[in-house]
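Q: Sharing a structure here in structure tokens format.
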Amino acid sequence: MDQEIATNQLIELRIEHRDLDEVIGRLAVELDSDEIQLRRLKKRKLVLKDEIAQLESALVPNIIA
């Protein structure tokens with residue numbers, strides 16, 4: 001994967017993760033929020049976290065000491 005493409009994708013994933021965090025925070029304080037929707041958003045946020053970790057790992061060169 002081209003490093004520039006991976007870096008751009010990483011930025012997009014981080015933005016989406018941050019946006020989801022804000023939405024989840026707002027929904028969590030609402031008394032009449034949809035619990036199923038909240039769980040789906042949290043699950044999506046975890047998936048994004050895993051994708052971010054994989055991309056970060058791919059971007060870091062393997063240096064054997």
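Chain labels follow the order of the structure tokens: the first chain is A, the next B, and so on; residue numbering restarts at 1 in every chain, and ligands are counted from 1 in their shown order.
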Leaving out Gln3 of chain A and any residue of its chain fewer than 4 positions from it, which residues lie within 9 Å of it when counting only C-alpha atoms, given as number ranges by chain?
A: A: 7-8, 59
Q: For Leu20 of chain A, find every residue with an atom within 8 Å (counting only C-alpha atoms), except residues of its own chain fewer than 5 positions away, and show them as a list in words.
A: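 The neighbour list is Leu41, Lys42 and Lys45 of chain A.
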Q: Give the answer as one residue: which of A:Ala53, A:Leu13, A:Val60, A:Val23 has the shortest atom-to-atom distance to Leu38 of chain A, using only C-alpha atoms?
A: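 Counting only C-alpha atoms, the residue closest to Leu38 of chain A is A:Val23.
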Q: For each of A:Asp50, A:Glu35, A:Glu30, A:Glu56, take the minimum atom-to-atom distance to Ala6 of chain A, counting only C-alpha atoms, then give the residue where this is smallest.
A: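 Checking each of A:Asp50, A:Glu35, A:Glu30, A:Glu56 against Ala6 of chain A, counting only C-alpha atoms, the winner is A:Glu56.
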Q: Measuring atom to atom with only C-alpha atoms, identify which of A:Ala58, A:Asp2, A:Val29, A:Asp21 is nearest to Leu46 of chain A.
A: A:Asp21
Q: With distances taken over only C-alpha atoms, which residue among A:Ser57, A:Lys43, A:Glu4, A:Lys49 lies nearest Arg18 of chain A?
A: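 The answer is A:Lys49, which sits nearest to Arg18 of chain A.
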Q: Please, which residues of chain A, numbered as in this document, come out helix (DSSP H, G or I) from DSSP, as a VMD selection string?
A: chain A and resid 3 to 29 35 to 59
Q: May I have the selected residues written with N, CA and C atoms, as a short mmCIF file (atom, residue, chain, number, x, y, z; two decimals), in the first residue's frame?
A:
data_model
loop_
_atom_site.label_atom_id
_atom_site.label_comp_id
_atom_site.auth_asym_id
_atom_site.auth_seq_id
_atom_site.Cartn_x
_atom_site.Cartn_y
_atom_site.Cartn_z
N GLN A 3 2.35 4.67 0.91
CA GLN A 3 2.39 5.30 2.22
C GLN A 3 1.49 6.54 2.30
N GLU A 4 1.44 7.30 1.24
CA GLU A 4 0.59 8.51 1.24
C GLU A 4 -0.89 8.13 1.33
N ILE A 5 -1.29 7.11 0.60
CA ILE A 5 -2.67 6.64 0.65
C ILE A 5 -3.00 6.13 2.04
N ALA A 6 -2.09 5.35 2.62
CA ALA A 6 -2.30 4.82 3.96
C ALA A 6 -2.38 5.94 4.99
N THR A 7 -1.55 6.94 4.84
CA THR A 7 -1.57 8.07 5.77
C THR A 7 -2.89 8.83 5.66
N ASN A 8 -3.36 9.06 4.45
CA ASN A 8 -4.65 9.74 4.25
C ASN A 8 -5.80 8.92 4.83
N GLN A 9 -5.75 7.62 4.62
CA GLN A 9 -6.79 6.75 5.16
C GLN A 9 -6.76 6.78 6.69
N LEU A 10 -5.57 6.80 7.25
CA LEU A 10 -5.41 6.87 8.70
C LEU A 10 -6.04 8.16 9.25
N ILE A 11 -5.80 9.25 8.57
CA ILE A 11 -6.38 10.54 8.99
C ILE A 11 -7.91 10.47 8.95
N GLU A 12 -8.45 9.91 7.87
CA GLU A 12 -9.91 9.78 7.75
C GLU A 12 -10.49 8.90 8.85
N LEU A 13 -9.82 7.80 9.15
CA LEU A 13 -10.30 6.91 10.20
C LEU A 13 -10.27 7.59 11.57
N ARG A 14 -9.21 8.35 11.83
CA ARG A 14 -9.11 9.07 13.11
C ARG A 14 -10.21 10.11 13.23
N ILE A 15 -10.53 10.80 12.14
CA ILE A 15 -11.60 11.79 12.16
C ILE A 15 -12.93 11.11 12.45
N GLU A 16 -13.20 10.01 11.76
CA GLU A 16 -14.46 9.29 11.98
C GLU A 16 -14.53 8.78 13.42
N HIS A 17 -13.42 8.28 13.95
CA HIS A 17 -13.37 7.78 15.32
C HIS A 17 -13.68 8.91 16.31
N ARG A 18 -13.08 10.08 16.08
CA ARG A 18 -13.32 11.23 16.96
C ARG A 18 -14.78 11.68 16.88
N ASP A 19 -15.33 11.71 15.66
CA ASP A 19 -16.72 12.11 15.48
C ASP A 19 -17.67 11.14 16.19
N LEU A 20 -17.39 9.86 16.06
CA LEU A 20 -18.20 8.85 16.75
C LEU A 20 -18.13 9.03 18.26
N ASP A 21 -16.95 9.34 18.75
CA ASP A 21 -16.77 9.56 20.18
C ASP A 21 -17.67 10.71 20.67
N GLU A 22 -17.73 11.78 19.89
CA GLU A 22 -18.58 12.92 20.24
C GLU A 22 -20.06 12.55 20.21
N VAL A 23 -20.48 11.82 19.19
CA VAL A 23 -21.88 11.40 19.07
C VAL A 23 -22.25 10.47 20.23
N ILE A 24 -21.39 9.52 20.52
CA ILE A 24 -21.65 8.58 21.61
C ILE A 24 -21.75 9.33 22.94
N GLY A 25 -20.88 10.30 23.13
CA GLY A 25 -20.92 11.09 24.36
C GLY A 25 -22.23 11.84 24.51
N ARG A 26 -22.72 12.42 23.42
CA ARG A 26 -24.00 13.14 23.47
C ARG A 26 -25.16 12.19 23.70
N LEU A 27 -25.15 11.04 23.02
CA LEU A 27 -26.25 10.09 23.19
C LEU A 27 -26.26 9.47 24.59
N ALA A 28 -25.09 9.30 25.17
CA ALA A 28 -24.99 8.66 26.48
C ALA A 28 -25.66 9.49 27.57
N VAL A 29 -25.69 10.81 27.42
CA VAL A 29 -26.29 11.66 28.45
C VAL A 29 -27.79 11.88 28.24
N GLU A 35 -30.71 2.64 22.88
CA GLU A 35 -29.61 1.81 23.37
C GLU A 35 -28.99 0.94 22.27
N ILE A 36 -29.82 0.46 21.36
CA ILE A 36 -29.30 -0.38 20.27
C ILE A 36 -28.41 0.46 19.36
N GLN A 37 -28.85 1.67 19.05
CA GLN A 37 -28.04 2.55 18.22
C GLN A 37 -26.73 2.88 18.92
N LEU A 38 -26.80 3.13 20.21
CA LEU A 38 -25.61 3.45 20.99
C LEU A 38 -24.61 2.29 20.96
N ARG A 39 -25.11 1.07 21.11
CA ARG A 39 -24.23 -0.11 21.05
C ARG A 39 -23.60 -0.28 19.67
N ARG A 40 -24.37 -0.02 18.62
CA ARG A 40 -23.83 -0.13 17.26
C ARG A 40 -22.73 0.90 17.02
N LEU A 41 -22.95 2.11 17.51
CA LEU A 41 -21.94 3.15 17.36
C LEU A 41 -20.67 2.79 18.12
N LYS A 42 -20.82 2.25 19.31
CA LYS A 42 -19.65 1.84 20.11
C LYS A 42 -18.90 0.71 19.41
N LYS A 43 -19.65 -0.22 18.82
CA LYS A 43 -19.01 -1.33 18.09
C LYS A 43 -18.25 -0.80 16.88
N ARG A 44 -18.84 0.13 16.16
CA ARG A 44 -18.18 0.73 14.99
C ARG A 44 -16.91 1.46 15.43
N LYS A 45 -16.98 2.13 16.58
CA LYS A 45 -15.83 2.85 17.10
C LYS A 45 -14.68 1.87 17.41
N LEU A 46 -15.01 0.71 17.97
CA LEU A 46 -13.99 -0.30 18.26
C LEU A 46 -13.38 -0.85 16.97
N VAL A 47 -14.20 -1.05 15.95
CA VAL A 47 -13.70 -1.53 14.66
C VAL A 47 -12.73 -0.50 14.08
N LEU A 48 -13.11 0.78 14.17
CA LEU A 48 -12.23 1.83 13.68
C LEU A 48 -10.91 1.85 14.45
N LYS A 49 -10.98 1.64 15.75
CA LYS A 49 -9.76 1.62 16.57
C LYS A 49 -8.83 0.51 16.10
N ASP A 50 -9.39 -0.66 15.80
CA ASP A 50 -8.58 -1.77 15.30
C ASP A 50 -7.97 -1.44 13.93
N GLU A 51 -8.77 -0.83 13.05
CA GLU A 51 -8.26 -0.47 11.73
C GLU A 51 -7.15 0.57 11.84
N ILE A 52 -7.31 1.52 12.75
CA ILE A 52 -6.29 2.54 12.97
C ILE A 52 -5.00 1.88 13.45
N ALA A 53 -5.11 0.96 14.39
CA ALA A 53 -3.93 0.27 14.92
C ALA A 53 -3.21 -0.51 13.82
N GLN A 54 -3.98 -1.18 12.95
CA GLN A 54 -3.37 -1.95 11.87
C GLN A 54 -2.64 -1.04 10.89
N LEU A 55 -3.26 0.08 10.54
CA LEU A 55 -2.61 1.01 9.62
C LEU A 55 -1.35 1.63 10.23
N GLU A 56 -1.44 2.00 11.50
CA GLU A 56 -0.26 2.56 12.18
C GLU A 56 0.86 1.54 12.19
N SER A 57 0.52 0.29 12.43
CA SER A 57 1.53 -0.77 12.44
C SER A 57 2.15 -0.95 11.06
N ALA A 58 1.34 -0.84 10.03
CA ALA A 58 1.84 -1.00 8.66
C ALA A 58 2.73 0.17 8.25
N LEU A 59 2.48 1.34 8.81
CA LEU A 59 3.26 2.52 8.45
C LEU A 59 4.60 2.58 9.18
#
